[in-house]
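Engineer: Got a structure for you, written out below as structure tokens; questions coming shortly.
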Amino acid sequence: MANDDQFKKVISHAKEYGYVFQSSEIYDGLSAVYDYAQNGAELKKNIRDYWWKAMVQMHDNIVGIDAAIFMHPTTWKASGHVDAFNDPLIDNKDSKKRYRADVLVEDYCAKIESKIDKEITKAEKRFGDAFNKEEFVTTNHRVVRYQEKINTILKRLGKSLENEDLKDVKALIEELEIADPMTGSRNWTDVKQFNLMFGTKLGASADSAMDLYLRPETAQGIFVNFLNVQKTGRMKIPFGIAQTGKAFRNEIVARQFIFRMREFEQMEMQFFIKPGTQKEWFDYWKETRLKWHKSLGLGEDNYRFHDHEKLAHYADAATDIEFKFPFGFKELEGIHSRTDFDLKQHEEFSGKKLQYFDHEENASYTPYVLETSIGLDRMFLAVFSNALEEEELENNTTRTVLRLPAVLAPIKAAVLPLVKKDGLPEVAQKIVQDLKWDFNVDYDEKDAVGRRYRRQDANGTPFCITVDHDTLEDGTVTIRHRDSMEQSRVKIENLRDIIKNEVDVKEWLMRMN
Ligand code: GAP
């Protein structure tokens, strides 16, 4: 399936199966704002829990907090967001459409990258088993030329953005002859900066109301609580503070479904370390976070690191874990070495000391910070888009199957009475009532059993349990596995352990080791 088609299928499947709806759809929706439906809310919660367990529960030196969305407005002055949280925008004079200048250039590079992918696919077919991808991409002239072109363009873009040289960003767009993707026009305005924070007001009367921002990242809620947590938790460096929660950005290029939203959720962790050890912790967290992703089995080749040329105002090193979405490799998670920038800024703006007393060194210092920051919605999209498949079956039919990692699936098992009579529904309901204590389970008695299997496949349910007339005789049921479609006969009392074995968070997280 072409990537565009695959992506459209992902979006419509997410709606049809109760995962994601457009926000306020009955009023024609709100651009780049989405609601999670009955299955989506479960999947999202499971991803959040999977992250929380790995980061907070499994690390003795990481604790979790839940800071407020509203923060004192000086927070955002101190953090640099008021002055520097901008996107470079460009308007097309003919179409009157607005774009992010850097995204136009990145999309141009993504097109070159898809040419590389095509060359690889062709070569794979030509050489068969003898194909060595690594050797091919480093020696094939065409591929090497494409890659060099991408590198040169991105390097120049990074430099210009870093130096705030917006004239050069426009020059680059013109030199590459990048056109408005909607109309093909190349009649561009100059590039301008645009602040992404949403403003709001706190207070009853207009004159006493205080101007606030909706937080554009959860991280600052951690920084301002650094000393509170360190003291009350008697935390010793190195230690981390994690939290998950909503963030808001007035994104201009709001497309690609839940990839880029105006209201989204982040899962962030700030790891406070001794100055000078940041390189070692940067490497540690890169490796640890990649292992977490890989534990979910979405495909080893679907990840890559992208080191930043243009560093954010607070960072001395940064990398993205990119994932292969249906529209190509894009940022899924950021790992940033933030130095002591944030704590120092908050010290300066609040007038309060935010230092750590190191008993071993017998000295106080401002800790450095290593941050891991992942978008929960983006992770949802990675998991969901990767799972959706139109599988060709041996009898020349196809089935739609959502191969969600069992640990994340919203519903772990569906219990199906073969027919709606002879006491089978009662036995099936009893199984549901028993399993409910441990798992989210569904009961389904409508339509022929084959159709019910298909419905559960498309919904991502890892197990179907069928109760038939033999069940009444010998207390066994058929258990069917979503991915292999294999069926076996098992005792009702063994169901809990069989399901647990496949969906247990522990089993999945152990794959990180
Ligand atoms: N505290 C650092 C920070 O916020 P970021 O790279 O701007 O860094 C971190 O964001 C992660 O948040 C990204 O890797 C992405 O997964 C997610 N994210 C950022 N903007 C988003 C948006 N508009 N919609 C959905 N997810 C977003």
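By convention here, the chains of the structure tokens are called A, B, ... in the order presented, each chain's residues are numbered starting at 1, and ligands are numbered starting at 1 in the order presented.
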With a cut-off of 7 Å, could you pull out the residues of chain A touching ligand 1 and give me the nearest pair of atoms for each, distance in Å to one decimal, using only C-alpha atoms and all ligand atoms, ordered by chain and ascending number, as a tab-separated table?

Structural biologist:
residue	atom	partner	partner_atom_place_in_ligand_line	distance
A:Glu217	CA	ligand 1	4 (O)	4.7
A:Thr218	CA	ligand 1	1 (N)	6.5
A:Ala219	CA	ligand 1	1 (N)	5.0
A:Arg249	CA	ligand 1	23 (N)	6.0
A:Glu251	CA	ligand 1	23 (N)	6.1
A:Ile258	CA	ligand 1	25 (C)	6.4
A:Phe259	CA	ligand 1	25 (C)	5.1
A:Arg260	CA	ligand 1	24 (N)	3.5
A:Met261	CA	ligand 1	24 (N)	3.8
A:Arg262	CA	ligand 1	23 (N)	5.4
A:Glu263	CA	ligand 1	24 (N)	6.9
A:Phe264	CA	ligand 1	25 (C)	5.2
A:Glu265	CA	ligand 1	26 (N)	6.8
A:Gln266	CA	ligand 1	12 (O)	5.6
A:Glu268	CA	ligand 1	1 (N)	6.8
A:Asp320	CA	ligand 1	14 (O)	7.0
A:Glu331	CA	ligand 1	14 (O)	5.5
A:Leu332	CA	ligand 1	16 (O)	4.4
A:Glu333	CA	ligand 1	14 (O)	3.7
A:Gly334	CA	ligand 1	14 (O)	4.7
A:Ser373	CA	ligand 1	9 (C)	4.7
A:Ile374	CA	ligand 1	11 (C)	4.4
A:Gly375	CA	ligand 1	16 (O)	3.3
A:Leu376	CA	ligand 1	16 (O)	6.8
A:Asp377	CA	ligand 1	25 (C)	5.9
A:Arg378	CA	ligand 1	16 (O)	5.4

Engineer: From a DSSP calculation on the backbone, collect every residue of stretch 236-333 of chain A in strand (DSSP E) and output the set as a VMD selection string.

Structural biologist: chain A and resid 239 to 248 263 to 273 303 to 307 317 to 325 328 to 333

Engineer: Output C-alpha atoms of each residue in that selection to a file, as a PDB file, in the first residue's frame.

Structural biologist:
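So again22.pdb came out as:
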ATOM      1  CA  PHE A 239      18.175  11.395  40.545  1.00  0.00           C
ATOM      2  CA  GLY A 240      15.217  11.993  38.273  1.00  0.00           C
ATOM      3  CA  ILE A 241      11.768  13.560  38.444  1.00  0.00           C
ATOM      4  CA  ALA A 242       9.203  12.326  35.955  1.00  0.00           C
ATOM      5  CA  GLN A 243       5.734  13.462  35.010  1.00  0.00           C
ATOM      6  CA  THR A 244       3.110  13.039  32.342  1.00  0.00           C
ATOM      7  CA  GLY A 245       0.598  15.703  31.402  1.00  0.00           C
ATOM      8  CA  LYS A 246      -0.931  18.051  28.882  1.00  0.00           C
ATOM      9  CA  ALA A 247       1.042  20.658  26.976  1.00  0.00           C
ATOM     10  CA  PHE A 248      -0.238  23.269  24.532  1.00  0.00           C
ATOM     11  CA  GLU A 263      -3.207  20.172  22.810  1.00  0.00           C
ATOM     12  CA  PHE A 264      -1.127  17.081  23.480  1.00  0.00           C
ATOM     13  CA  GLU A 265       0.398  15.045  26.256  1.00  0.00           C
ATOM     14  CA  GLN A 266       4.060  14.669  27.150  1.00  0.00           C
ATOM     15  CA  MET A 267       5.898  12.095  29.246  1.00  0.00           C
ATOM     16  CA  GLU A 268       9.039  13.819  30.489  1.00  0.00           C
ATOM     17  CA  MET A 269      11.827  13.033  32.900  1.00  0.00           C
ATOM     18  CA  GLN A 270      14.484  15.424  34.134  1.00  0.00           C
ATOM     19  CA  PHE A 271      17.562  13.666  35.470  1.00  0.00           C
ATOM     20  CA  PHE A 272      19.648  15.841  37.817  1.00  0.00           C
ATOM     21  CA  ILE A 273      23.360  15.117  37.622  1.00  0.00           C
ATOM     22  CA  TYR A 303      14.112   3.635  14.719  1.00  0.00           C
ATOM     23  CA  ARG A 304      17.068   5.906  14.207  1.00  0.00           C
ATOM     24  CA  PHE A 305      18.793   8.721  16.058  1.00  0.00           C
ATOM     25  CA  HIS A 306      18.921  12.193  14.608  1.00  0.00           C
ATOM     26  CA  ASP A 307      21.486  14.430  16.305  1.00  0.00           C
ATOM     27  CA  ALA A 317      23.659  18.272  23.089  1.00  0.00           C
ATOM     28  CA  ALA A 318      20.422  16.849  21.748  1.00  0.00           C
ATOM     29  CA  THR A 319      19.183  13.950  19.733  1.00  0.00           C
ATOM     30  CA  ASP A 320      15.812  12.688  18.553  1.00  0.00           C
ATOM     31  CA  ILE A 321      14.685   9.110  18.472  1.00  0.00           C
ATOM     32  CA  GLU A 322      12.942   9.065  15.117  1.00  0.00           C
ATOM     33  CA  PHE A 323      10.338   6.502  14.159  1.00  0.00           C
ATOM     34  CA  LYS A 324       9.254   5.404  10.712  1.00  0.00           C
ATOM     35  CA  PHE A 325       5.691   6.738  10.575  1.00  0.00           C
ATOM     36  CA  GLY A 328       8.517   8.738   6.854  1.00  0.00           C
ATOM     37  CA  PHE A 329      11.038   8.986   9.703  1.00  0.00           C
ATOM     38  CA  LYS A 330       9.996  11.707  12.166  1.00  0.00           C
ATOM     39  CA  GLU A 331      10.783  12.712  15.742  1.00  0.00           C
ATOM     40  CA  LEU A 332       9.149  10.566  18.382  1.00  0.00           C
ATOM     41  CA  GLU A 333      11.221  11.416  21.448  1.00  0.00           C
TER      42      GLU A 333
END

Engineer: If we count only C-alpha atoms and set the cut-off at 12 Å, which residues sit around A:Lys77, ignoring sequence neighbours fewer than 2 positions away in its own chain? Please answer as a compact mmCIF listing (two decimals) with C-alpha atoms, in the first residue's frame.

Structural biologist:
# COMPACT_ATOMS: atom_id res chain seq x y z
CA MET A 71 2.24 28.24 36.32
CA HIS A 72 3.38 31.65 37.46
CA PRO A 73 3.96 33.66 34.27
CA THR A 74 7.55 34.48 35.26
CA THR A 75 8.29 30.77 34.77
CA SER A 79 12.69 29.43 30.78
CA GLY A 80 13.16 31.49 27.63
CA HIS A 81 9.83 30.56 26.11
CA VAL A 82 8.47 34.13 26.03
CA ASP A 83 11.43 35.32 23.98
CA ALA A 84 12.57 32.27 22.09
CA PHE A 85 9.81 29.68 21.69
CA MET A 197 2.42 29.77 23.48
CA LEU A 212 -0.94 33.42 32.01
CA TYR A 213 0.24 30.87 29.49
CA GLN A 220 9.17 23.53 33.85
CA ASP A 342 16.81 26.05 33.62
CA GLN A 345 17.38 30.89 35.16
CA HIS A 346 14.80 30.08 37.85
CA GLU A 348 17.85 34.37 38.86
CA PHE A 349 14.18 35.16 38.22
CA SER A 350 12.83 33.90 41.58

Engineer: Near stretch 446-457 of chain A, within 6 Å and counting only C-alpha atoms, which residues show up once chain neighbours fewer than 2 positions away are dropped, as a ChimeraX atom specification?

Structural biologist: /A:401,444,459-461,482

Engineer: What would the file look like if the residues just selected were written as a PDB file, in the first residue's frame with C-alpha atoms?

Structural biologist:
ATOM      1  CA  VAL A 401      -5.706  -6.904  11.764  1.00  0.00           C
ATOM      2  CA  ASP A 444     -19.634 -10.418  22.106  1.00  0.00           C
ATOM      3  CA  ASN A 459      -9.921  -3.978  17.179  1.00  0.00           C
ATOM      4  CA  GLY A 460      -6.527  -5.314  18.234  1.00  0.00           C
ATOM      5  CA  THR A 461      -7.810  -7.841  20.817  1.00  0.00           C
ATOM      6  CA  ARG A 482      -5.060 -12.767  16.986  1.00  0.00           C
TER       7      ARG A 482
END

Engineer: Find the spatial neighbours of A:Val253, counting only C-alpha atoms, within a cut-off of 12 Å - ignore same-chain residues fewer than 2 positions away - and output them as a ChimeraX atom specification.

Structural biologist: /A:31-32,87-91,97-104,194,196,249-251,255-257,259-262

Engineer: Mind pulling up the distance from atom CA of A:Val33 to atom CA of A:Glu389?

Structural biologist: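 These atoms are spaced 25.9 Å apart.
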
Engineer: Name the residues in contact with stretch 7-9 of chain A at a cut-off of 12 Å, using only C-alpha atoms, excluding same-chain residues fewer than 2 positions from it; report them as a VMD selection string.

Structural biologist: chain A and resid 1 to 5 11 to 17 256 to 259 325 to 328 381 to 382 384 to 390 400 402

Engineer: I'd like the neighbourhood of A:Arg480 as an mmCIF file with N, CA and C atoms, in the first residue's frame, where a residue qualifies if any of its atoms comes within 10 Å (using only C-alpha atoms), though same-chain residues fewer than 3 positions away should be ignored.

Structural biologist:
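Output file out.cif follows:
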data_model
loop_
_atom_site.group_PDB
_atom_site.id
_atom_site.type_symbol
_atom_site.label_atom_id
_atom_site.label_comp_id
_atom_site.auth_asym_id
_atom_site.auth_seq_id
_atom_site.Cartn_x
_atom_site.Cartn_y
_atom_site.Cartn_z
ATOM 1 N N ALA A 413 -9.013 -9.692 25.933
ATOM 2 C CA ALA A 413 -9.672 -10.909 25.440
ATOM 3 C C ALA A 413 -11.154 -10.640 25.227
ATOM 4 N N ALA A 414 -11.705 -11.306 24.199
ATOM 5 C CA ALA A 414 -13.157 -11.236 23.979
ATOM 6 C C ALA A 414 -13.711 -12.635 24.200
ATOM 7 N N TYR A 453 -14.647 -12.867 15.138
ATOM 8 C CA TYR A 453 -13.179 -12.948 15.157
ATOM 9 C C TYR A 453 -12.579 -11.771 14.385
ATOM 10 N N PRO A 462 -5.968 -9.319 21.523
ATOM 11 C CA PRO A 462 -5.029 -10.439 21.293
ATOM 12 C C PRO A 462 -5.665 -11.831 21.380
ATOM 13 N N PHE A 463 -6.737 -11.993 22.203
ATOM 14 C CA PHE A 463 -7.320 -13.334 22.365
ATOM 15 C C PHE A 463 -8.831 -13.330 22.158
ATOM 16 N N CYS A 464 -9.331 -14.385 21.497
ATOM 17 C CA CYS A 464 -10.772 -14.648 21.495
ATOM 18 C C CYS A 464 -10.980 -15.989 22.188
ATOM 19 N N ILE A 465 -11.969 -16.024 23.067
ATOM 20 C CA ILE A 465 -12.254 -17.256 23.814
ATOM 21 C C ILE A 465 -13.665 -17.690 23.432
ATOM 22 N N THR A 466 -13.769 -18.859 22.844
ATOM 23 C CA THR A 466 -15.090 -19.295 22.376
ATOM 24 C C THR A 466 -15.637 -20.414 23.259
ATOM 25 N N VAL A 477 -12.494 -24.445 26.659
ATOM 26 C CA VAL A 477 -12.918 -23.464 25.649
ATOM 27 C C VAL A 477 -11.851 -23.418 24.550
ATOM 28 N N ASP A 483 -2.736 -12.905 16.177
ATOM 29 C CA ASP A 483 -1.720 -12.757 15.139
ATOM 30 C C ASP A 483 -1.569 -13.995 14.277
ATOM 31 N N SER A 484 -1.550 -15.169 14.907
ATOM 32 C CA SER A 484 -1.346 -16.402 14.143
ATOM 33 C C SER A 484 -2.672 -17.028 13.715
ATOM 34 N N MET A 485 -3.755 -16.614 14.327
ATOM 35 C CA MET A 485 -5.099 -17.180 14.145
ATOM 36 C C MET A 485 -5.155 -18.642 14.601
ATOM 37 N N GLU A 486 -4.088 -19.081 15.290
ATOM 38 C CA GLU A 486 -4.084 -20.459 15.785
ATOM 39 C C GLU A 486 -5.078 -20.617 16.932
ATOM 40 N N GLN A 487 -5.669 -21.812 16.976
ATOM 41 C CA GLN A 487 -6.660 -22.065 18.031
ATOM 42 C C GLN A 487 -6.238 -23.302 18.819
ATOM 43 N N SER A 488 -6.510 -23.262 20.107
ATOM 44 C CA SER A 488 -6.259 -24.485 20.878
ATOM 45 C C SER A 488 -7.335 -24.603 21.955
ATOM 46 N N ARG A 489 -7.426 -25.809 22.489
ATOM 47 C CA ARG A 489 -8.453 -26.104 23.479
ATOM 48 C C ARG A 489 -7.809 -26.037 24.863
#

Engineer: For a test of reading the model, state the distance in Å between atom CA of A:Thr232 and atom CA of A:Tyr356, rounded to one decimal.

Structural biologist: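 Interatomic distance here is 13.1 Å.
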
Engineer: Hey, can you check how far atom CA of A:Lys159 sits from atom CA of A:Leu311?

Structural biologist: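 Interatomic distance here is 9.7 Å.
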
Engineer: Return the single residue from A:Glu134, A:His469, A:Pro405, A:Lys412 that is closest to A:Val441, with distances computed using only C-alpha atoms.

Structural biologist: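 That would be A:Lys412, the residue with the smallest distance to A:Val441.
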
Engineer: Return as a PyMOL selection string the full set of residues in stretch 154-276 of chain A whose backbone-based DSSP assignment is helix (DSSP H, G or I).

Structural biologist: chain A and resi 154-162+166-175+219-223+226-232+257-259

Engineer: Identify which of the residues A:Lys274, A:His293, A:Arg215, A:Lys118 lies closest to A:Glu361, counting only C-alpha atoms when measuring atom-to-atom distances.

Structural biologist: A:Lys274
